[in-house]
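Source file start_12.pdb; content: PDB, N, CA and C atoms.
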MODEL        1
ATOM      1  N   MET A  87      10.839 -27.304 -26.978
ATOM      2  CA  MET A  87      10.958 -26.042 -26.280
ATOM      3  C   MET A  87      11.936 -25.110 -27.002
ATOM      4  N   THR A  88      12.959 -25.663 -27.615
ATOM      5  CA  THR A  88      13.934 -24.803 -28.296
ATOM      6  C   THR A  88      13.328 -24.146 -29.531
ATOM      7  N   SER A  89      12.438 -24.844 -30.222
ATOM      8  CA  SER A  89      11.802 -24.218 -31.385
ATOM      9  C   SER A  89      10.872 -23.086 -30.956
ATOM     10  N   THR A  90      10.236 -23.249 -29.793
ATOM     11  CA  THR A  90       9.404 -22.169 -29.265
ATOM     12  C   THR A  90      10.240 -20.958 -28.926
ATOM     13  N   MET A  91      11.382 -21.174 -28.303
ATOM     14  CA  MET A  91      12.259 -20.061 -27.939
ATOM     15  C   MET A  91      12.806 -19.376 -29.193
ATOM     16  N   ALA A  92      13.126 -20.143 -30.216
ATOM     17  CA  ALA A  92      13.611 -19.552 -31.466
ATOM     18  C   ALA A  92      12.512 -18.732 -32.130
ATOM     19  N   ALA A  93      11.288 -19.257 -32.127
ATOM     20  CA  ALA A  93      10.173 -18.525 -32.722
ATOM     21  C   ALA A  93       9.902 -17.237 -31.959
ATOM     22  N   ILE A  94       9.995 -17.292 -30.645
ATOM     23  CA  ILE A  94       9.787 -16.095 -29.828
ATOM     24  C   ILE A  94      10.883 -15.077 -30.104
ATOM     25  N   GLY A  95      12.101 -15.519 -30.235
ATOM     26  CA  GLY A  95      13.198 -14.609 -30.550
ATOM     27  C   GLY A  95      13.007 -13.936 -31.897
ATOM     28  N   TRP A  96      12.604 -14.712 -32.887
ATOM     29  CA  TRP A  96      12.351 -14.137 -34.215
ATOM     30  C   TRP A  96      11.193 -13.150 -34.179
ATOM     31  N   MET A  97      10.124 -13.504 -33.470
ATOM     32  CA  MET A  97       8.984 -12.602 -33.394
ATOM     33  C   MET A  97       9.360 -11.280 -32.740
ATOM     34  N   LEU A  98      10.054 -11.354 -31.618
ATOM     35  CA  LEU A  98      10.452 -10.123 -30.934
ATOM     36  C   LEU A  98      11.426  -9.313 -31.776
ATOM     37  N   GLY A  99      12.409  -9.980 -32.330
ATOM     38  CA  GLY A  99      13.412  -9.274 -33.120
ATOM     39  C   GLY A  99      12.827  -8.577 -34.326
ATOM     40  N   LEU A 100      11.996  -9.287 -35.075
ATOM     41  CA  LEU A 100      11.393  -8.685 -36.261
ATOM     42  C   LEU A 100      10.377  -7.605 -35.906
ATOM     43  N   ALA A 101       9.667  -7.791 -34.788
ATOM     44  CA  ALA A 101       8.699  -6.773 -34.378
ATOM     45  C   ALA A 101       9.411  -5.477 -34.012
ATOM     46  N   PHE A 102      10.462  -5.580 -33.216
ATOM     47  CA  PHE A 102      11.177  -4.365 -32.829
ATOM     48  C   PHE A 102      11.923  -3.755 -34.008
ATOM     49  N   LEU A 103      12.432  -4.573 -34.890
ATOM     50  CA  LEU A 103      13.082  -4.051 -36.088
ATOM     51  C   LEU A 103      12.076  -3.292 -36.960
ATOM     52  N   GLY A 104      10.911  -3.874 -37.153
ATOM     53  CA  GLY A 104       9.882  -3.223 -37.949
ATOM     54  C   GLY A 104       9.396  -1.925 -37.332
ATOM     55  N   VAL A 105       9.170  -1.941 -36.026
ATOM     56  CA  VAL A 105       8.719  -0.724 -35.353
ATOM     57  C   VAL A 105       9.808   0.340 -35.378
ATOM     58  N   GLY A 106      11.042  -0.059 -35.189
ATOM     59  CA  GLY A 106      12.138   0.913 -35.224
ATOM     60  C   GLY A 106      12.308   1.554 -36.589
ATOM     61  N   ILE A 107      12.274   0.748 -37.625
ATOM     62  CA  ILE A 107      12.393   1.285 -38.980
ATOM     63  C   ILE A 107      11.177   2.152 -39.315
ATOM     64  N   GLY A 108      10.001   1.686 -38.942
ATOM     65  CA  GLY A 108       8.783   2.448 -39.218
ATOM     66  C   GLY A 108       8.761   3.795 -38.513
ATOM     67  N   LEU A 109       9.135   3.814 -37.238
ATOM     68  CA  LEU A 109       9.159   5.083 -36.514
ATOM     69  C   LEU A 109      10.264   5.999 -37.036
ATOM     70  N   GLY A 110      11.352   5.442 -37.505
ATOM     71  CA  GLY A 110      12.407   6.265 -38.099
ATOM     72  C   GLY A 110      11.947   6.931 -39.387
ATOM     73  N   ILE A 111      11.288   6.171 -40.235
ATOM     74  CA  ILE A 111      10.742   6.743 -41.473
ATOM     75  C   ILE A 111       9.665   7.775 -41.148
ATOM     76  N   LEU A 112       8.816   7.462 -40.174
ATOM     77  CA  LEU A 112       7.774   8.400 -39.769
ATOM     78  C   LEU A 112       8.383   9.700 -39.240
ATOM     79  N   GLY A 113       9.430   9.586 -38.434
ATOM     80  CA  GLY A 113      10.088  10.775 -37.907
ATOM     81  C   GLY A 113      10.697  11.631 -39.000
ATOM     82  N   SER A 114      11.289  10.998 -39.992
ATOM     83  CA  SER A 114      11.875  11.782 -41.083
ATOM     84  C   SER A 114      10.801  12.493 -41.891
ATOM     85  N   LYS A 115       9.677  11.827 -42.103
ATOM     86  CA  LYS A 115       8.584  12.455 -42.850
ATOM     87  C   LYS A 115       7.936  13.583 -42.046
ATOM     88  N   VAL A 116       7.879  13.424 -40.721
ATOM     89  CA  VAL A 116       7.340  14.493 -39.872
ATOM     90  C   VAL A 116       8.242  15.714 -39.925
ATOM     91  N   ALA A 117       9.541  15.500 -39.839
ATOM     92  CA  ALA A 117      10.475  16.624 -39.923
ATOM     93  C   ALA A 117      10.360  17.317 -41.270
ATOM     94  N   GLU A 118      10.187  16.539 -42.314
ATOM     95  CA  GLU A 118      10.019  17.116 -43.647
ATOM     96  C   GLU A 118       8.723  17.916 -43.749
ATOM     97  N   ALA A 119       7.639  17.376 -43.192
ATOM     98  CA  ALA A 119       6.350  18.066 -43.258
ATOM     99  C   ALA A 119       6.358  19.354 -42.444
ATOM    100  N   VAL A 120       6.946  19.308 -41.247
ATOM    101  CA  VAL A 120       7.013  20.508 -40.417
ATOM    102  C   VAL A 120       7.956  21.527 -41.042
ATOM    103  N   GLY A 121       8.986  21.085 -41.702
ATOM    104  CA  GLY A 121       9.896  21.997 -42.382
ATOM    105  C   GLY A 121       9.218  22.718 -43.541
ATOM    106  N   ARG A 122       8.325  22.023 -44.232
ATOM    107  CA  ARG A 122       7.629  22.647 -45.359
ATOM    108  C   ARG A 122       6.503  23.568 -44.902
ATOM    109  N   ASN A 123       5.833  23.178 -43.817
ATOM    110  CA  ASN A 123       4.648  23.917 -43.382
ATOM    111  C   ASN A 123       4.677  24.042 -41.857
ATOM    112  N   PRO A 124       5.437  24.981 -41.301
ATOM    113  CA  PRO A 124       5.642  25.050 -39.849
ATOM    114  C   PRO A 124       4.388  25.364 -39.037
ATOM    115  N   GLU A 125       3.393  26.013 -39.620
ATOM    116  CA  GLU A 125       2.215  26.373 -38.828
ATOM    117  C   GLU A 125       1.322  25.171 -38.507
ATOM    118  N   THR A 126       1.535  24.039 -39.142
ATOM    119  CA  THR A 126       0.757  22.829 -38.839
ATOM    120  C   THR A 126       1.501  21.902 -37.881
ATOM    121  N   LYS A 127       2.492  22.435 -37.181
ATOM    122  CA  LYS A 127       3.331  21.603 -36.312
ATOM    123  C   LYS A 127       2.511  20.888 -35.242
ATOM    124  N   ASN A 128       1.608  21.575 -34.567
ATOM    125  CA  ASN A 128       0.841  20.958 -33.474
ATOM    126  C   ASN A 128      -0.032  19.817 -33.974
ATOM    127  N   ASP A 129      -0.670  19.991 -35.123
ATOM    128  CA  ASP A 129      -1.520  18.924 -35.669
ATOM    129  C   ASP A 129      -0.691  17.707 -36.071
ATOM    130  N   VAL A 130       0.450  17.953 -36.671
ATOM    131  CA  VAL A 130       1.309  16.845 -37.121
ATOM    132  C   VAL A 130       1.854  16.083 -35.925
ATOM    133  N   ILE A 131       2.328  16.809 -34.924
ATOM    134  CA  ILE A 131       2.882  16.152 -33.734
ATOM    135  C   ILE A 131       1.812  15.350 -33.003
ATOM    136  N   GLN A 132       0.594  15.889 -32.926
ATOM    137  CA  GLN A 132      -0.493  15.169 -32.267
ATOM    138  C   GLN A 132      -0.799  13.860 -33.009
ATOM    139  N   SER A 133      -0.807  13.910 -34.328
ATOM    140  CA  SER A 133      -1.058  12.699 -35.106
ATOM    141  C   SER A 133       0.050  11.668 -34.912
ATOM    142  N   VAL A 134       1.286  12.136 -34.878
ATOM    143  CA  VAL A 134       2.417  11.225 -34.707
ATOM    144  C   VAL A 134       2.389  10.581 -33.329
ATOM    145  N   MET A 135       2.039  11.348 -32.322
ATOM    146  CA  MET A 135       1.976  10.770 -30.977
ATOM    147  C   MET A 135       0.872   9.719 -30.886
ATOM    148  N   MET A 136      -0.238   9.942 -31.572
ATOM    149  CA  MET A 136      -1.302   8.942 -31.587
ATOM    150  C   MET A 136      -0.818   7.653 -32.253
ATOM    151  N   ILE A 137      -0.081   7.778 -33.340
ATOM    152  CA  ILE A 137       0.469   6.599 -34.009
ATOM    153  C   ILE A 137       1.461   5.882 -33.101
ATOM    154  N   ALA A 138       2.304   6.637 -32.385
ATOM    155  CA  ALA A 138       3.275   6.022 -31.483
ATOM    156  C   ALA A 138       2.574   5.282 -30.341
ATOM    157  N   VAL A 139       1.478   5.831 -29.835
ATOM    158  CA  VAL A 139       0.721   5.156 -28.774
ATOM    159  C   VAL A 139       0.112   3.859 -29.299
ATOM    160  N   VAL A 140      -0.433   3.885 -30.501
ATOM    161  CA  VAL A 140      -1.012   2.665 -31.076
ATOM    162  C   VAL A 140       0.070   1.601 -31.271
ATOM    163  N   LEU A 141       1.248   2.002 -31.748
ATOM    164  CA  LEU A 141       2.341   1.038 -31.912
ATOM    165  C   LEU A 141       2.785   0.463 -30.567
ATOM    166  N   SER A 142       2.822   1.299 -29.538
ATOM    167  CA  SER A 142       3.193   0.805 -28.204
ATOM    168  C   SER A 142       2.178  -0.200 -27.680
ATOM    169  N   VAL A 143       0.903   0.069 -27.889
ATOM    170  CA  VAL A 143      -0.134  -0.869 -27.457
ATOM    171  C   VAL A 143      -0.013  -2.185 -28.213
ATOM    172  N   LEU A 144       0.278  -2.110 -29.505
ATOM    173  CA  LEU A 144       0.443  -3.344 -30.274
ATOM    174  C   LEU A 144       1.656  -4.144 -29.807
ATOM    175  N   LEU A 145       2.732  -3.458 -29.433
ATOM    176  CA  LEU A 145       3.896  -4.179 -28.895
ATOM    177  C   LEU A 145       3.576  -4.825 -27.551
ATOM    178  N   LEU A 146       2.782  -4.152 -26.724
ATOM    179  CA  LEU A 146       2.372  -4.770 -25.455
ATOM    180  C   LEU A 146       1.502  -5.999 -25.694
ATOM    181  N   LEU A 147       0.638  -5.942 -26.694
ATOM    182  CA  LEU A 147      -0.151  -7.130 -27.035
ATOM    183  C   LEU A 147       0.738  -8.264 -27.544
ATOM    184  N   LEU A 148       1.794  -7.916 -28.266
ATOM    185  CA  LEU A 148       2.749  -8.932 -28.706
ATOM    186  C   LEU A 148       3.425  -9.581 -27.510
ATOM    187  N   PHE A 149       3.805  -8.772 -26.517
ATOM    188  CA  PHE A 149       4.396  -9.348 -25.312
ATOM    189  C   PHE A 149       3.425 -10.283 -24.608
ATOM    190  N   ALA A 150       2.155  -9.917 -24.555
ATOM    191  CA  ALA A 150       1.161 -10.795 -23.932
ATOM    192  C   ALA A 150       1.077 -12.122 -24.698
ATOM    193  N   PHE A 151       1.089 -12.051 -26.015
ATOM    194  CA  PHE A 151       1.050 -13.271 -26.819
ATOM    195  C   PHE A 151       2.297 -14.118 -26.592
ATOM    196  N   ILE A 152       3.444 -13.473 -26.463
ATOM    197  CA  ILE A 152       4.690 -14.202 -26.241
ATOM    198  C   ILE A 152       4.689 -14.890 -24.880
ATOM    199  N   PHE A 153       4.172 -14.207 -23.857
ATOM    200  CA  PHE A 153       4.085 -14.858 -22.553
ATOM    201  C   PHE A 153       3.107 -16.019 -22.585
ATOM    202  N   LEU A 154       2.054 -15.912 -23.381
ATOM    203  CA  LEU A 154       1.170 -17.062 -23.555
ATOM    204  C   LEU A 154       1.911 -18.230 -24.188
ATOM    205  N   LEU A 155       2.735 -17.954 -25.181
ATOM    206  CA  LEU A 155       3.503 -19.031 -25.803
ATOM    207  C   LEU A 155       4.532 -19.625 -24.842
ATOM    208  N   LEU A 156       5.129 -18.776 -24.008
ATOM    209  CA  LEU A 156       6.144 -19.280 -23.091
ATOM    210  C   LEU A 156       5.565 -20.168 -22.002
ATOM    211  N   PHE A 157       4.464 -19.746 -21.406
ATOM    212  CA  PHE A 157       3.980 -20.434 -20.217
ATOM    213  C   PHE A 157       2.792 -21.346 -20.463
ATOM    214  N   PHE A 158       2.033 -21.130 -21.529
ATOM    215  CA  PHE A 158       0.867 -21.964 -21.817
ATOM    216  C   PHE A 158       0.910 -22.434 -23.250
ATOM    217  N   ASN A 159       2.007 -23.044 -23.626
ATOM    218  CA  ASN A 159       2.219 -23.443 -25.009
ATOM    219  C   ASN A 159       1.384 -24.695 -25.332
ATOM    220  N   PRO A 160       0.440 -24.581 -26.266
ATOM    221  CA  PRO A 160      -0.388 -25.750 -26.602
ATOM    222  C   PRO A 160       0.373 -26.780 -27.432
ATOM    223  N   LEU A 161       1.525 -26.419 -27.999
ATOM    224  CA  LEU A 161       2.256 -27.345 -28.858
ATOM    225  C   LEU A 161       3.126 -28.317 -28.064
ATOM    226  N   LEU A 162       3.321 -28.058 -26.777
ATOM    227  CA  LEU A 162       4.194 -28.930 -25.981
ATOM    228  C   LEU A 162       3.432 -30.136 -25.412
ATOM    229  N   GLY A 163       2.128 -30.102 -25.418
ATOM    230  CA  GLY A 163       1.335 -31.133 -24.783
ATOM    231  C   GLY A 163       1.228 -32.416 -25.492
TER     232      GLY A 163
ENDMDL
END
Would you put the structure from the file into structure tokens?
Amino acid sequence: MTSTMAAIGWMLGLAFLGVGIGLGILGSKVAEAVGRNPETKNDVIQSVMMIAVVLSVLLLLLFAFIFLLLFFNPLLG
């Protein structure tokens, strides 16, 4: 059970670290793009929000997988 908890901790930690770094880089590039070409602001923001929604859905799927590992772990049997 302790190895499962360690694996879950690593998965969550690395997932949130990756998403945080990725969204930070994305935000900096969006600010740069809007700064260079302000009239495309609405299109850029719409694209970024779509990417953020997809990342949120993927994190929710990760949580579902983690709850499967916590409560229905096939390796403990």
Inset, instruction - Starting from the point (4.1, -13.1, -26.5), work out which residues of protein, DNA or RNA have an atom no more than 12 Å away when counting only C-alpha atoms; state them as a ChimeraX atom specification. - result: /A:90-91,93-98,101,144-159
Could the centre and edge lengths of an axis-aligned box, enclosing all atoms of region 155-162 of chain A in the file with 5 Å extra on each side, be given in Å to one decimal as lines of an AutoDock Vina configuration file?
center_x = 2.9
center_y = -24.0
center_z = -24.5
size_x = 16.5
size_y = 22.2
size_z = 18.6
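In this model, the gap between CA of Ala117 (chain A) and atom C of Val134 (chain A) comes to 12.1 Å.
Here atom C of Ser142 (chain A) stands at a distance of 15.3 Å from atom N of Leu100 (chain A).
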Inset, instruction - Show which residues sit within 12 Å of Lys115 (chain A), as an MDAnalysis selection string. Count only C-alpha atoms, and ignore same-chain residues fewer than 6 positions away. - result: chainID A and resid 108:109 121:122 130:131 134
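With CA of Val105 (chain A) on one side and CA of Lys127 (chain A) on the other, the separation reads 23.0 Å.
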